Amino acid sequence: MSDKPLMPKATAVWLVENTALTFDQIADFCGLHVLEVKGIADGDVAAGIRGADPIGAGQLTREEIARGQEDSSYRLTLARSKVHIPEIKAKRAPKYTPVSRRHDRPNAILWLLRHHPELRDTQIMRLVGTTKSTIESIRERTHWNSASLQPQDPVALGLCSQIDLDNEVKKAAKRVEEEQPEEALETAGVTIAPPSEQPYLDIEEWK
């Protein structure tokens, strides 16, 4: 959480107009330069900006302001809200490929399909900025330019970084490794019969 008010300049306007705090105290609390606060007081800065009451917004208490007015060396502390607002993570933007490199994407896709068949289509899409239908057409050789495609390393083409490629390959390898034990049992036809279907062994016969 930030240690400055949500609307620093509007808050500074309110503090200048409604308190006896020094310019230094207001500048420190709002994260502004002291000359900017002085400009607000002189009317040269923030003209037309309506003051924002930090007390009503729960960002400052009257007691804190009074303490600051009594001691000019005191630095105001932002009141912490009791309501936690989770941080909103920005969605990752689709990968942008320069126009000059877009004609190389089919070659890069072909290279990935041949050298790293463990990669999922979504991973290839992230690496070279393509679509699922394009990957499918290259895999099935139905792409309009299939006859002329030549597999080329997407890193060498500048479509992705070596780090991004290595990360995706590691993820795919880990996924394959986790899936292998289950697939191996299915391939070998190994199944565990439920207790009701397991053969009954008489204790006398065992003796």
# chains A, B, ... in the order shown; residues from 1 in each chain; ligands from 1
>>> residues_around(residues="range 45-53 of chain A", least_positions_apart="2", cutoff="8 Å", atoms="only C-alpha atoms", output="list in words")
Met7, Lys9, Ala10, Thr11, Ala12, Val13, Trp14, Leu15, Glu36, Val37, Gly39, Ile40, Ala41, Asp42, Gly43, Ile55, Gly56 and Ala57 of chain A
>>> atom_distance(atom1="CA of His143 in chain A", atom2="CA of Asp164 in chain A")
25.9 Å
>>> residues_around(residues="Glu63 in chain A", least_positions_apart="4", cutoff="12 Å", atoms="only C-alpha atoms", output="PyMOL selection string")
chain A and resi 55+67-70+76-77+79
>>> residues_around(residues="range 137-140 of chain A", least_positions_apart="6", cutoff="8 Å", atoms="only C-alpha atoms", output="PyMOL selection string")
chain A and resi 106+109-110+113+146
>>> residues_around(residues="Ile26 in chain A", least_positions_apart="2", cutoff="9 Å", atoms="only C-alpha atoms", output="number ranges by chain")
A: 11-12, 15-16, 21-24, 28-32, 34, 37, 75-76
>>> atom_distance(atom1="CA of Gly129 in chain A", atom2="CA of Glu177 in chain A")
26.5 Å
>>> residues_around(residues="His116 in chain A", least_positions_apart="5", cutoff="12 Å", atoms="only C-alpha atoms", output="VMD selection string")
chain A and resid 108 to 111 121 123 to 124 151 153 165 to 166 168 to 173 176
>>> write_last_selection(atoms="C-alpha atoms", output="PDB file, in the first residue's frame")
ATOM      1  CA  ALA A 108       9.190 -20.619 -36.523  1.00  0.00           C
ATOM      2  CA  ILE A 109       6.012 -22.600 -35.804  1.00  0.00           C
ATOM      3  CA  LEU A 110       7.261 -25.465 -37.988  1.00  0.00           C
ATOM      4  CA  TRP A 111      10.575 -25.447 -36.092  1.00  0.00           C
ATOM      5  CA  ASP A 121      -0.494 -24.875 -28.903  1.00  0.00           C
ATOM      6  CA  GLN A 123       2.617 -22.160 -25.477  1.00  0.00           C
ATOM      7  CA  ILE A 124       3.532 -21.729 -29.137  1.00  0.00           C
ATOM      8  CA  PRO A 151      11.905 -24.648 -40.027  1.00  0.00           C
ATOM      9  CA  ASP A 153      14.591 -21.108 -34.742  1.00  0.00           C
ATOM     10  CA  LEU A 165      11.638 -20.482 -25.004  1.00  0.00           C
ATOM     11  CA  ASP A 166      13.557 -22.296 -22.248  1.00  0.00           C
ATOM     12  CA  GLU A 168       8.081 -22.921 -21.957  1.00  0.00           C
ATOM     13  CA  VAL A 169      10.138 -26.041 -22.749  1.00  0.00           C
ATOM     14  CA  LYS A 170      10.746 -26.644 -19.029  1.00  0.00           C
ATOM     15  CA  LYS A 171       7.034 -26.325 -18.284  1.00  0.00           C
ATOM     16  CA  ALA A 172       6.182 -28.765 -21.061  1.00  0.00           C
ATOM     17  CA  ALA A 173       8.855 -31.245 -19.936  1.00  0.00           C
ATOM     18  CA  VAL A 176       5.088 -34.696 -19.741  1.00  0.00           C
TER      19      VAL A 176
END
>>> atom_distance(atom1="CA of Leu60 in chain A", atom2="CA of Leu35 in chain A")
22.5 Å
>>> select_by_dssp(residues="range 2-189 of chain A", states="alpha helix (DSSP H)", output="JSON, numbers by chain")
{"A": [8, 9, 10, 11, 12, 13, 14, 15, 16, 17, 18, 23, 24, 25, 26, 27, 28, 29, 30, 34, 35, 36, 37, 38, 39, 40, 41, 42, 62, 63, 64, 65, 66, 67, 68, 69, 70, 105, 106, 107, 108, 109, 110, 111, 112, 113, 114, 115, 121, 122, 123, 124, 125, 126, 127, 128, 132, 133, 134, 135, 136, 137, 138, 139, 154, 155, 156, 157, 162, 163, 164, 165, 166, 167, 168, 169, 170, 171, 172, 173, 174, 175, 176, 177, 178, 179, 180, 181, 182, 183, 184, 185, 186, 187, 188]}
>>> closest_residue(among="A:Met125, A:Leu78, A:Ile65, A:Leu157", to="Asn107 in chain A", atoms="only C-alpha atoms")
A:Leu157
>>> closest_residue(among="A:Gly158, A:Arg141, A:Thr134, A:Pro8", to="His33 in chain A", atoms="only C-alpha atoms")
A:Pro8
>>> closest_residue(among="A:Asn167, A:Thr122, A:Gln180, A:Thr61", to="Glu136 in chain A", atoms="only C-alpha atoms")
A:Thr122
